[in-house]
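Source file: input35.txt. Holds: compact mmCIF, C-alpha atoms.
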```
# COMPACT_ATOMS: atom_id res chain seq x y z
CA MET A 26 0.00 0.00 0.00
CA ASP A 27 1.39 3.41 -0.89
CA ARG A 28 2.00 6.33 1.40
CA GLN A 29 -1.04 8.23 0.22
CA THR A 30 -3.32 5.39 1.29
CA ASP A 31 -1.62 5.11 4.64
CA PHE A 32 -2.07 8.82 5.13
CA ALA A 33 -5.73 8.71 4.16
CA SER A 34 -6.33 5.72 6.44
CA ALA A 35 -4.56 7.44 9.29
CA LEU A 36 -6.74 10.50 8.86
CA ASN A 37 -9.97 8.56 8.81
CA ASP A 38 -9.02 5.66 10.99
CA PRO A 39 -6.95 6.47 14.02
CA VAL A 40 -7.67 3.02 15.46
CA ASP A 41 -8.58 0.62 12.68
CA PRO A 42 -6.11 -1.73 11.02
CA PRO A 43 -4.88 -0.98 7.48
CA TYR A 44 -6.36 -2.99 4.59
CA LEU A 45 -2.99 -4.46 3.69
CA TYR A 46 -1.24 -6.27 6.54
CA ALA A 47 1.40 -8.76 5.38
CA GLY A 48 1.18 -10.83 8.58
CA TYR A 49 -2.42 -11.69 7.68
CA ARG A 50 -1.96 -13.43 4.35
CA SER A 51 -5.55 -13.14 3.13
CA THR A 52 -5.17 -9.36 2.90
CA LEU A 53 -2.57 -9.65 0.12
CA LEU A 54 -5.04 -10.24 -2.70
CA ARG A 55 -8.03 -8.55 -1.11
CA ALA A 56 -6.76 -5.16 0.07
CA PRO A 57 -7.51 -2.37 -2.42
CA SER A 58 -4.32 -1.02 -4.02
CA ARG A 59 -5.53 2.52 -4.74
CA PRO A 60 -6.04 5.18 -2.07
CA LEU A 61 -9.59 5.40 -0.76
CA ILE A 62 -11.50 8.28 -2.35
CA PRO A 63 -12.46 11.00 0.11
CA ILE A 64 -16.20 11.59 0.20
CA ALA A 65 -18.24 14.25 1.97
CA HIS A 66 -20.82 12.67 4.25
CA THR A 67 -24.38 13.22 3.09
CA LEU A 68 -27.80 11.86 3.95
CA SER A 69 -26.64 8.61 2.29
CA ASP A 70 -24.20 8.10 5.19
CA PHE A 71 -26.07 9.83 8.03
CA THR A 72 -28.91 7.35 7.57
CA GLY A 73 -28.76 3.59 7.84
CA PRO A 74 -30.74 0.49 8.72
CA LEU A 75 -32.62 0.49 12.00
CA PHE A 76 -33.78 -2.62 13.82
CA GLY A 77 -36.40 -3.47 16.38
CA PRO A 78 -37.76 -6.34 18.49
CA GLU A 79 -39.20 -7.89 15.32
CA HIS A 80 -35.64 -8.73 14.22
CA VAL A 81 -34.75 -10.63 17.39
CA GLY A 82 -36.20 -13.90 18.70
CA SER A 83 -36.75 -14.35 22.44
CA LEU A 84 -33.91 -16.91 22.76
CA ASP A 85 -31.55 -15.40 20.20
CA HIS A 86 -29.35 -13.98 22.97
CA ASP A 87 -28.83 -17.39 24.59
CA LEU A 88 -26.66 -19.68 22.46
CA THR A 89 -26.98 -22.46 25.04
CA ARG A 90 -30.72 -22.82 24.52
CA GLN A 91 -31.08 -23.05 20.76
CA HIS A 92 -31.21 -26.86 20.66
CA GLU A 93 -32.77 -29.72 22.55
CA GLY A 94 -29.72 -30.34 24.74
CA GLU A 95 -27.10 -28.07 26.25
CA PRO A 96 -23.85 -27.50 24.36
CA LEU A 97 -20.60 -28.81 25.85
CA GLY A 98 -18.14 -26.32 27.29
CA GLN A 99 -17.74 -23.68 29.94
CA ARG A 100 -20.91 -21.59 30.21
CA ILE A 101 -20.18 -17.84 30.03
CA ILE A 102 -22.09 -14.59 30.11
CA VAL A 103 -20.79 -11.83 27.83
CA ALA A 104 -22.30 -8.45 28.55
CA GLY A 105 -21.52 -4.78 28.30
CA ARG A 106 -22.63 -1.48 26.88
CA VAL A 107 -22.55 0.01 23.42
CA LEU A 108 -21.40 3.64 23.59
CA ASN A 109 -20.56 6.42 21.19
CA SER A 110 -17.15 8.06 21.44
CA ASP A 111 -18.55 10.67 23.84
CA GLY A 112 -19.43 7.83 26.20
CA GLU A 113 -23.17 8.12 25.63
CA PRO A 114 -25.19 4.90 25.39
CA VAL A 115 -26.42 3.68 22.00
CA PRO A 116 -29.87 2.27 22.74
CA ARG A 117 -31.95 -0.11 20.60
CA THR A 118 -29.11 -1.12 18.33
CA LEU A 119 -28.68 -4.62 16.94
CA VAL A 120 -25.75 -6.67 18.26
CA GLU A 121 -24.96 -9.96 16.51
CA ILE A 122 -22.37 -12.58 17.44
CA TRP A 123 -20.99 -15.80 16.02
CA GLN A 124 -18.28 -18.12 17.28
CA ALA A 125 -16.65 -21.56 17.29
CA ASN A 126 -17.81 -24.25 19.70
CA ALA A 127 -15.88 -25.34 22.80
CA ALA A 128 -13.62 -27.54 20.67
CA GLY A 129 -12.71 -24.68 18.35
CA ARG A 130 -14.91 -25.72 15.43
CA TYR A 131 -17.51 -23.63 13.61
CA ALA A 132 -20.79 -25.16 12.53
CA HIS A 133 -19.85 -24.23 8.97
CA ALA A 134 -19.28 -26.56 6.00
CA GLU A 135 -15.98 -24.88 5.10
CA ASP A 136 -14.41 -25.34 8.55
CA GLN A 137 -12.06 -28.29 8.10
CA HIS A 138 -10.57 -28.26 11.61
CA ALA A 139 -10.48 -31.87 12.85
CA ALA A 140 -12.38 -31.12 16.05
CA PRO A 141 -15.87 -32.36 16.87
CA LEU A 142 -19.01 -30.49 16.00
CA ASP A 143 -21.53 -30.07 18.79
CA PRO A 144 -25.09 -30.93 17.73
CA ASN A 145 -26.34 -28.60 20.46
CA PHE A 146 -24.41 -25.56 19.35
CA SER A 147 -24.89 -23.45 16.22
CA GLY A 148 -22.81 -20.53 17.45
CA GLY A 149 -24.90 -17.56 16.30
CA GLY A 150 -26.87 -15.03 18.37
CA ARG A 151 -28.36 -11.57 18.34
CA CYS A 152 -29.95 -9.05 20.68
CA LEU A 153 -30.91 -5.39 20.88
CA THR A 154 -29.32 -3.00 23.35
CA ASP A 155 -31.69 -1.58 25.96
CA GLU A 156 -32.21 2.07 26.86
CA SER A 157 -28.87 2.18 28.68
CA GLY A 158 -27.06 0.70 25.68
CA SER A 159 -26.60 -2.64 27.47
CA TYR A 160 -26.47 -6.03 25.79
CA ARG A 161 -26.11 -9.53 27.26
CA PHE A 162 -25.39 -12.93 25.73
CA VAL A 163 -25.23 -16.38 27.29
CA THR A 164 -22.94 -18.76 25.45
CA ILE A 165 -20.02 -21.15 25.97
CA GLN A 166 -16.32 -20.36 25.99
CA PRO A 167 -15.15 -20.78 22.37
CA GLY A 168 -12.04 -22.87 21.76
CA ALA A 169 -8.91 -21.73 19.96
CA TYR A 170 -8.38 -23.23 16.52
CA PRO A 171 -5.60 -23.67 13.97
CA TRP A 172 -5.64 -21.80 10.67
CA LEU A 173 -3.59 -21.86 7.50
CA ASN A 174 -2.13 -18.35 7.73
CA ALA A 175 1.32 -19.64 8.77
CA PRO A 176 2.87 -22.87 10.10
CA ASN A 177 1.44 -23.81 13.49
CA ALA A 178 -0.80 -20.74 13.54
CA TRP A 179 -3.69 -20.67 16.02
CA ARG A 180 -6.39 -18.06 16.44
CA PRO A 181 -6.92 -17.02 20.05
CA ALA A 182 -10.40 -17.76 21.38
CA HIS A 183 -12.73 -15.02 20.15
CA ILE A 184 -16.33 -14.08 19.53
CA HIS A 185 -17.22 -12.16 16.36
CA PHE A 186 -19.41 -9.08 16.91
CA SER A 187 -21.43 -7.15 14.34
CA LEU A 188 -23.06 -3.80 15.17
CA TYR A 189 -24.96 -1.14 13.28
CA GLY A 190 -25.36 1.90 15.53
CA PRO A 191 -27.43 4.94 14.54
CA ASN A 192 -26.30 5.24 10.90
CA LEU A 193 -23.99 3.81 8.24
CA THR A 194 -20.91 5.57 9.55
CA THR A 195 -21.08 3.56 12.78
CA ARG A 196 -21.33 0.12 11.15
CA LEU A 197 -18.77 -2.14 12.82
CA ILE A 198 -17.69 -5.76 12.58
CA THR A 199 -15.03 -6.82 15.04
CA GLN A 200 -13.88 -9.59 17.39
CA MET A 201 -13.81 -9.89 21.17
CA TYR A 202 -10.96 -11.71 22.87
CA PHE A 203 -10.47 -13.16 26.36
CA PRO A 204 -8.09 -11.81 29.00
CA GLY A 205 -4.87 -13.68 29.66
CA ASP A 206 -5.01 -15.75 26.48
CA PRO A 207 -1.38 -16.61 25.59
CA LEU A 208 -2.31 -16.74 21.89
CA LEU A 209 -3.09 -13.02 21.81
CA ALA A 210 0.62 -12.24 21.50
CA TYR A 211 0.89 -14.34 18.32
CA ASP A 212 -2.25 -13.24 16.50
CA PRO A 213 -1.65 -11.15 13.35
CA ILE A 214 -5.32 -10.15 13.09
CA LEU A 215 -5.18 -8.50 16.51
CA ALA A 216 -1.64 -7.19 15.84
CA SER A 217 -2.87 -5.47 12.65
CA ILE A 218 -4.25 -2.72 14.90
CA PRO A 219 -1.35 -0.29 15.19
CA ASP A 220 -2.15 1.33 18.54
CA PRO A 221 -1.72 -0.97 21.58
CA ALA A 222 -4.36 1.01 23.50
CA ALA A 223 -6.85 0.42 20.69
CA ARG A 224 -5.89 -3.26 20.60
CA GLU A 225 -6.65 -3.47 24.30
CA ARG A 226 -10.23 -2.37 23.50
CA LEU A 227 -10.86 -5.81 22.00
CA VAL A 228 -9.95 -7.79 25.13
CA SER A 229 -12.85 -8.44 27.49
CA LYS A 230 -12.50 -8.41 31.28
CA PHE A 231 -13.33 -11.20 33.66
CA ASP A 232 -16.14 -9.83 35.84
CA LEU A 233 -17.03 -11.48 39.12
CA ASP A 234 -20.14 -9.30 39.44
CA LEU A 235 -21.40 -10.63 36.13
CA THR A 236 -20.49 -14.19 37.09
CA GLU A 237 -23.49 -16.19 38.30
CA GLU A 238 -22.90 -18.47 41.25
CA GLY A 239 -22.77 -22.14 40.41
CA TRP A 240 -23.67 -21.47 36.80
CA ALA A 241 -21.58 -19.29 34.48
CA LEU A 242 -18.47 -17.09 34.33
CA GLY A 243 -18.97 -13.44 33.41
CA TYR A 244 -16.97 -11.38 30.94
CA SER A 245 -17.70 -7.71 30.43
CA TRP A 246 -16.91 -5.90 27.22
CA ASP A 247 -17.97 -2.39 26.23
CA ILE A 248 -18.05 -1.38 22.58
CA VAL A 249 -17.36 2.19 21.45
CA LEU A 250 -18.71 3.02 18.00
CA HIS A 251 -17.01 5.64 15.98
CA GLY A 252 -18.68 7.89 13.55
CA PRO A 253 -18.42 11.38 12.19
CA SER A 254 -19.11 12.81 15.63
CA ALA A 255 -15.84 11.33 16.85
CA THR A 256 -13.49 14.06 18.01
CA PRO A 257 -9.72 13.75 18.22
CA MET A 258 -8.72 11.32 20.92
CA VAL A 259 -7.80 12.66 24.31
CA ASP A 260 -5.98 10.37 26.69
CA MET B 29 -13.12 13.41 26.94
CA SER B 30 -13.40 11.14 23.97
CA LEU B 31 -13.20 7.35 24.23
CA ILE B 32 -10.97 5.28 21.99
CA PRO B 33 -13.31 3.58 19.52
CA THR B 34 -13.43 -0.18 19.25
CA PRO B 35 -11.28 -1.15 16.25
CA SER B 36 -12.52 -3.18 13.33
CA GLN B 37 -11.51 -6.81 12.73
CA THR B 38 -12.18 -9.07 9.79
CA ILE B 39 -15.56 -10.77 9.47
CA GLY B 40 -13.59 -14.00 8.88
CA PRO B 41 -14.73 -16.92 6.72
CA PHE B 42 -17.45 -18.43 8.94
CA PHE B 43 -20.03 -15.67 9.50
CA ALA B 44 -22.68 -17.74 7.72
CA VAL B 45 -23.28 -19.73 10.93
CA LEU B 46 -25.61 -16.80 11.62
CA ALA B 47 -28.30 -16.25 8.98
CA PRO B 48 -28.55 -12.66 7.68
CA VAL B 49 -30.96 -10.56 9.73
CA VAL B 50 -32.54 -9.30 6.52
CA GLY B 51 -32.40 -10.91 3.10
CA TRP B 52 -31.48 -9.97 -0.44
CA GLN B 53 -35.01 -9.04 -1.44
CA LEU B 54 -35.63 -5.40 -0.54
CA VAL B 55 -39.01 -5.65 -2.27
CA PRO B 56 -41.31 -8.65 -2.72
CA PRO B 57 -41.02 -10.50 -6.04
CA GLY B 58 -43.46 -9.11 -8.58
CA THR B 59 -43.14 -5.52 -7.36
CA ILE B 60 -43.71 -3.06 -10.21
CA GLY B 61 -40.41 -1.57 -11.32
CA ALA B 62 -38.33 -4.14 -9.44
CA VAL B 63 -34.82 -4.78 -10.73
CA THR B 64 -32.46 -7.65 -9.96
CA VAL B 65 -28.87 -6.63 -9.32
CA THR B 66 -26.34 -9.44 -9.61
CA GLY B 67 -22.59 -9.33 -9.30
CA THR B 68 -19.45 -11.22 -8.47
CA VAL B 69 -16.78 -10.22 -5.99
CA PHE B 70 -13.24 -10.78 -7.33
CA ASP B 71 -9.87 -10.67 -5.59
CA GLY B 72 -6.64 -9.23 -6.99
CA ALA B 73 -5.88 -12.45 -8.89
CA GLY B 74 -9.30 -12.40 -10.53
CA ALA B 75 -10.57 -15.27 -8.38
CA PRO B 76 -14.14 -15.10 -7.05
CA VAL B 77 -14.56 -14.35 -3.34
CA PRO B 78 -16.96 -16.93 -1.88
CA ASP B 79 -16.85 -15.60 1.67
CA ALA B 80 -18.03 -12.01 1.45
CA LEU B 81 -21.01 -10.22 2.94
CA ILE B 82 -22.48 -7.51 0.73
CA GLU B 83 -24.81 -4.93 2.25
CA VAL B 84 -26.80 -2.31 0.36
CA TRP B 85 -28.59 0.74 1.72
CA GLN B 86 -30.74 3.06 -0.36
CA ALA B 87 -33.56 5.57 -0.46
CA ASN B 88 -36.99 4.58 -1.74
CA VAL B 89 -38.36 5.46 -5.19
CA THR B 90 -39.21 8.99 -4.08
CA GLY B 91 -35.68 9.58 -2.82
CA ARG B 92 -36.33 9.34 0.89
CA TYR B 93 -34.42 7.24 3.39
CA ALA B 94 -36.37 5.28 6.02
CA HIS B 95 -34.48 6.97 8.83
CA PRO B 96 -35.26 9.87 11.20
CA ALA B 97 -32.26 11.86 9.89
CA ASP B 98 -34.08 12.21 6.56
CA THR B 99 -36.65 14.97 7.15
CA GLN B 100 -37.55 15.59 3.50
CA GLU B 101 -41.23 15.95 2.73
CA LYS B 102 -41.24 13.02 0.37
CA LEU B 103 -43.46 9.98 0.55
CA LEU B 104 -42.25 7.29 2.95
CA ASP B 105 -43.05 3.65 2.23
CA ALA B 106 -43.64 1.67 5.43
CA ASP B 107 -42.87 -1.59 3.65
CA PHE B 108 -39.50 -0.50 2.30
CA SER B 109 -36.57 -0.40 4.72
CA GLY B 110 -33.95 0.16 2.01
CA PHE B 111 -31.51 -2.35 3.53
CA GLY B 112 -30.42 -5.68 2.10
CA GLN B 113 -27.79 -8.30 2.84
CA CYS B 114 -26.37 -11.12 0.75
CA TYR B 115 -23.63 -13.65 1.46
CA THR B 116 -21.69 -14.45 -1.71
CA ASP B 117 -22.09 -18.04 -2.88
CA ALA B 118 -19.40 -20.58 -3.85
CA ASP B 119 -18.90 -18.67 -7.12
CA GLY B 120 -18.49 -15.31 -5.38
CA CYS B 121 -21.92 -14.16 -6.61
CA PHE B 122 -24.46 -11.98 -4.83
CA ARG B 123 -27.84 -10.62 -5.85
CA PHE B 124 -30.46 -8.13 -4.71
CA LEU B 125 -34.03 -7.55 -5.74
CA THR B 126 -34.87 -3.89 -5.31
CA VAL B 127 -36.22 -0.75 -6.93
CA LYS B 128 -34.28 2.17 -8.34
CA PRO B 129 -34.18 4.90 -5.69
CA GLY B 130 -35.00 8.54 -6.35
CA GLU B 131 -32.46 11.34 -6.19
CA VAL B 132 -31.33 12.33 -2.70
CA PRO B 133 -29.81 15.56 -1.39
CA GLY B 134 -26.05 15.99 -1.49
CA ILE B 135 -23.82 18.66 0.00
CA GLY B 136 -25.29 22.18 -0.11
CA ASP B 137 -27.91 22.56 -2.83
CA THR B 138 -26.71 19.60 -4.87
CA MET B 139 -28.71 16.48 -5.58
CA GLN B 140 -27.19 13.03 -5.86
CA ALA B 141 -28.09 10.67 -8.67
CA PRO B 142 -29.97 7.49 -7.75
CA HIS B 143 -27.51 5.18 -6.01
CA LEU B 144 -27.11 2.36 -3.52
CA THR B 145 -24.41 2.57 -0.89
CA VAL B 146 -22.63 -0.76 -0.86
CA SER B 147 -20.53 -2.26 1.95
CA VAL B 148 -18.19 -5.20 1.50
CA PHE B 149 -16.97 -7.41 4.33
CA ALA B 150 -14.86 -10.53 3.77
CA ARG B 151 -12.13 -12.73 5.11
CA GLY B 152 -8.96 -10.79 4.35
CA LEU B 153 -10.66 -7.42 4.79
CA LEU B 154 -9.68 -6.06 8.18
CA LYS B 155 -12.37 -3.40 7.87
CA ARG B 156 -15.37 -2.56 5.74
CA LEU B 157 -14.96 -1.43 2.15
CA ALA B 158 -17.48 1.21 1.10
CA THR B 159 -18.54 1.83 -2.47
CA ARG B 160 -21.65 2.93 -4.38
CA MET B 161 -23.72 1.54 -7.20
CA TYR B 162 -25.18 3.94 -9.76
CA PHE B 163 -27.49 3.21 -12.70
CA ALA B 164 -26.31 3.23 -16.32
CA GLY B 165 -28.06 5.70 -18.61
CA GLU B 166 -29.32 7.86 -15.73
CA PRO B 167 -29.09 11.53 -16.80
CA ALA B 168 -28.54 12.66 -13.17
CA ASN B 169 -25.20 10.82 -13.19
CA GLU B 170 -23.80 13.72 -15.25
CA ARG B 171 -24.18 16.09 -12.30
CA ASP B 172 -23.66 13.74 -9.35
CA PRO B 173 -21.04 15.33 -7.06
CA VAL B 174 -19.50 12.00 -6.03
CA LEU B 175 -19.17 10.67 -9.57
CA LEU B 176 -17.80 14.03 -10.76
CA SER B 177 -15.21 14.00 -7.98
CA ILE B 178 -13.56 11.00 -9.66
CA SER B 179 -11.65 12.45 -12.61
CA ASP B 180 -10.39 9.12 -13.97
CA LEU B 181 -13.29 7.93 -16.13
CA THR B 182 -12.22 4.28 -15.98
CA ILE B 183 -12.38 4.38 -12.19
CA ARG B 184 -15.64 6.34 -12.24
CA GLU B 185 -17.12 3.70 -14.52
CA THR B 186 -16.60 0.99 -11.88
CA LEU B 187 -19.48 2.53 -9.93
CA ILE B 188 -22.04 2.18 -12.73
CA ALA B 189 -24.13 -0.98 -12.90
CA ARG B 190 -24.70 -2.17 -16.46
CA ALA B 191 -28.16 -3.13 -17.70
CA THR B 192 -28.17 -6.75 -18.85
CA GLY B 193 -31.90 -6.92 -19.56
CA ALA B 194 -35.13 -5.01 -19.08
CA ALA B 195 -35.05 -5.48 -15.31
CA THR B 196 -31.59 -6.88 -14.61
CA LEU B 197 -28.37 -5.13 -13.74
CA ARG B 198 -24.80 -6.31 -13.31
CA PHE B 199 -22.48 -4.82 -10.69
CA ASP B 200 -19.19 -6.66 -10.17
CA ILE B 201 -16.87 -5.70 -7.36
CA HIS B 202 -13.11 -5.98 -7.87
CA LEU B 203 -11.30 -5.70 -4.55
CA GLN B 204 -7.90 -5.15 -6.15
CA GLY B 205 -6.10 -4.91 -9.50
CA GLU B 206 -6.60 -3.49 -12.98
CA GLN B 207 -10.38 -3.29 -12.69
CA GLU B 208 -10.37 -2.30 -9.03
CA THR B 209 -13.67 -0.78 -7.88
CA ALA B 210 -13.66 2.77 -6.54
CA PHE B 211 -13.79 2.60 -2.74
CA PHE B 212 -14.54 5.53 -0.44
CA ALA B 213 -13.08 6.71 2.83
CA ILE B 214 -16.16 6.71 5.03
```
Written form, structure tokens:
Amino acid sequence: MDRQTDFASALNDPVDPPYLYAGYRSTLLRAPSRPLIPIAHTLSDFTGPLFGPEHVGSLDHDLTRQHEGEPLGQRIIVAGRVLNSDGEPVPRTLVEIWQANAAGRYAHAEDQHAAPLDPNFSGGGRCLTDESGSYRFVTIQPGAYPWLNAPNAWRPAHIHFSLYGPNLTTRLITQMYFPGDPLLAYDPILASIPDPAARERLVSKFDLDLTEEGWALGYSWDIVLHGPSATPMVD
Amino acid sequence: MSLIPTPSQTIGPFFAVLAPVVGWQLVPPGTIGAVTVTGTVFDGAGAPVPDALIEVWQANVTGRYAHPADTQEKLLDADFSGFGQCYTDADGCFRFLTVKPGEVPGIGDTMQAPHLTVSVFARGLLKRLATRMYFAGEPANERDPVLLSISDLTIRETLIARATGAATLRFDIHLQGEQETAFFAI
């Protein structure tokens, strides 16, 4: 990627990874080679899809109750708030997740990892944030899994998150990681984020208050959407 | 004080374990004026991309977005959200059934030609790619501020869907290379 692109990305994306990141091999043929074209935001960007209760089933937030039996693995609760960069809650926004099962295998035909599928786990969920911007999922701890990016490469355990926010500029797809995972230090997808403080944003925290006695461990993870209202970062 | 935003990460190859929250049909089949948009996503080697999510967002036929930020006094259609999603298939193909939107306001007094905003997510994309789809033969294209801002006509042309029939359009997306689609810094 040329300097102009890097400059443009830096201007628009103080925290996001670049498109081209050699350590993540799949970017090599998929990253655009020309600089992104600057565009003035208009109504086309300040609007975007909105969702409501009609888009979410009553058990969609609980990935342990989507089948007849319970999935194998460590039961966990993942919860937090969706905020804008001013720290204000983003209510009634759709949050979607998907993940591997406890053995590190996705319920997806293309996943060739030689680990067992779990007939009681599909690995997808969704919910809406409430008035305080809070979301909550019940699921199982996903396993790490090998991938073909490099010899002996393993992805750290993670849950994929997809969010919309109030308009198109806040659309975000990302991944949540778990604290203390030794694989985090080896993961090129996480390392593609240049700023260590921004990288830290993707690591959830173990939360004893969220943990339910005799039942499930709690991890808290807040999500900060960026959009045109984002002001320069102040630390 | 401003919080550090949560950075983007790739959608990865396995997002299809969760079915799309909305489908590829923005209008019911048989809708008057409906058009089918089909396309293929290609990588820099010209190979199809079978693990991409394509999202489109557009105004309705009158040129109004179904969103509170759009306060124009144009007719709103309760049955038209303007949002569609499609996972590419094994051949890298996607499709949408929709209607051509009306013109929408641009910066200042300008109007924008009918267009769909298009987002691309895929394994190997660490963040969203944003582009637009315009309609071939639309006179308003000649004065669209976004199209006019792209001086290279070959690059500008990548944003125009070609008519392949009375109600069918083709809009391929090239992530990289000679035919690379114009992508915007959103």
**OP:** Return the neighbours of chain A among the residues of chain B, cut-off 8 Å, counting all atoms listed in the file, as a ChimeraX atom specification.
**Re:** /B:29-39,42-46,49,71-73,85-86,93-98,109-111,132-135,145,151-156,174,203-205,208,210-214
**OP:** Give me the residues within 6 Å of region 155-159 of chain A as a ChimeraX atom specification, counting all atoms listed in the file and dropping any in the same chain fewer than 5 places off.
**Re:** /A:105-107,114-117
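Coordinates place CA of Leu81 (chain B) at a distance of 24.2 Å from CA of Thr164 (chain A).
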**OP:** Would you kindly return, as a ChimeraX atom specification, each protein, DNA or RNA residue with an atom no farther than 10 Å from any atom of Leu84 (chain A), considering only C-alpha atoms and excluding same-chain residues fewer than 3 positions away?
**Re:** /A:81,87-91,150-152,162-163
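Using all atoms listed in the file, the nearest neighbour of Ala241 (chain A) within the list A:Thr118, A:Arg130, A:Gln166, A:Ala47 is A:Gln166.
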**OP:** Using all atoms listed in the file, determine which residues lie at most 6 Å from region 53-67 of chain B, disregarding the query and same-chain residues fewer than 6 positions distant; provide the list as a ChimeraX atom specification.
**Re:** /B:112,121-127,195-200
Original post:
With distances taken over all atoms listed in the file, which of A:Ile102, A:Leu242, A:Ala139, A:Leu153 is nearest to Val120 (chain A)?
Top reply: A:Leu153
Original post:
Hey, what's within 8 Å of Pro171 (chain A) if we count all atoms listed in the file and toss same-chain stuff fewer than 5 positions away? As number ranges by chain, please?
Top reply: A: 138, 177-180
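Each of B:Ile188, B:Val50, B:Val69, B:Ala118 was checked against Leu175 (chain B) using all atoms listed in the file; the smallest atom-to-atom distance is that of B:Ile188.
In this model, the gap between CA of Arg92 (chain B) and CA of Ala189 (chain B) comes to 21.1 Å.
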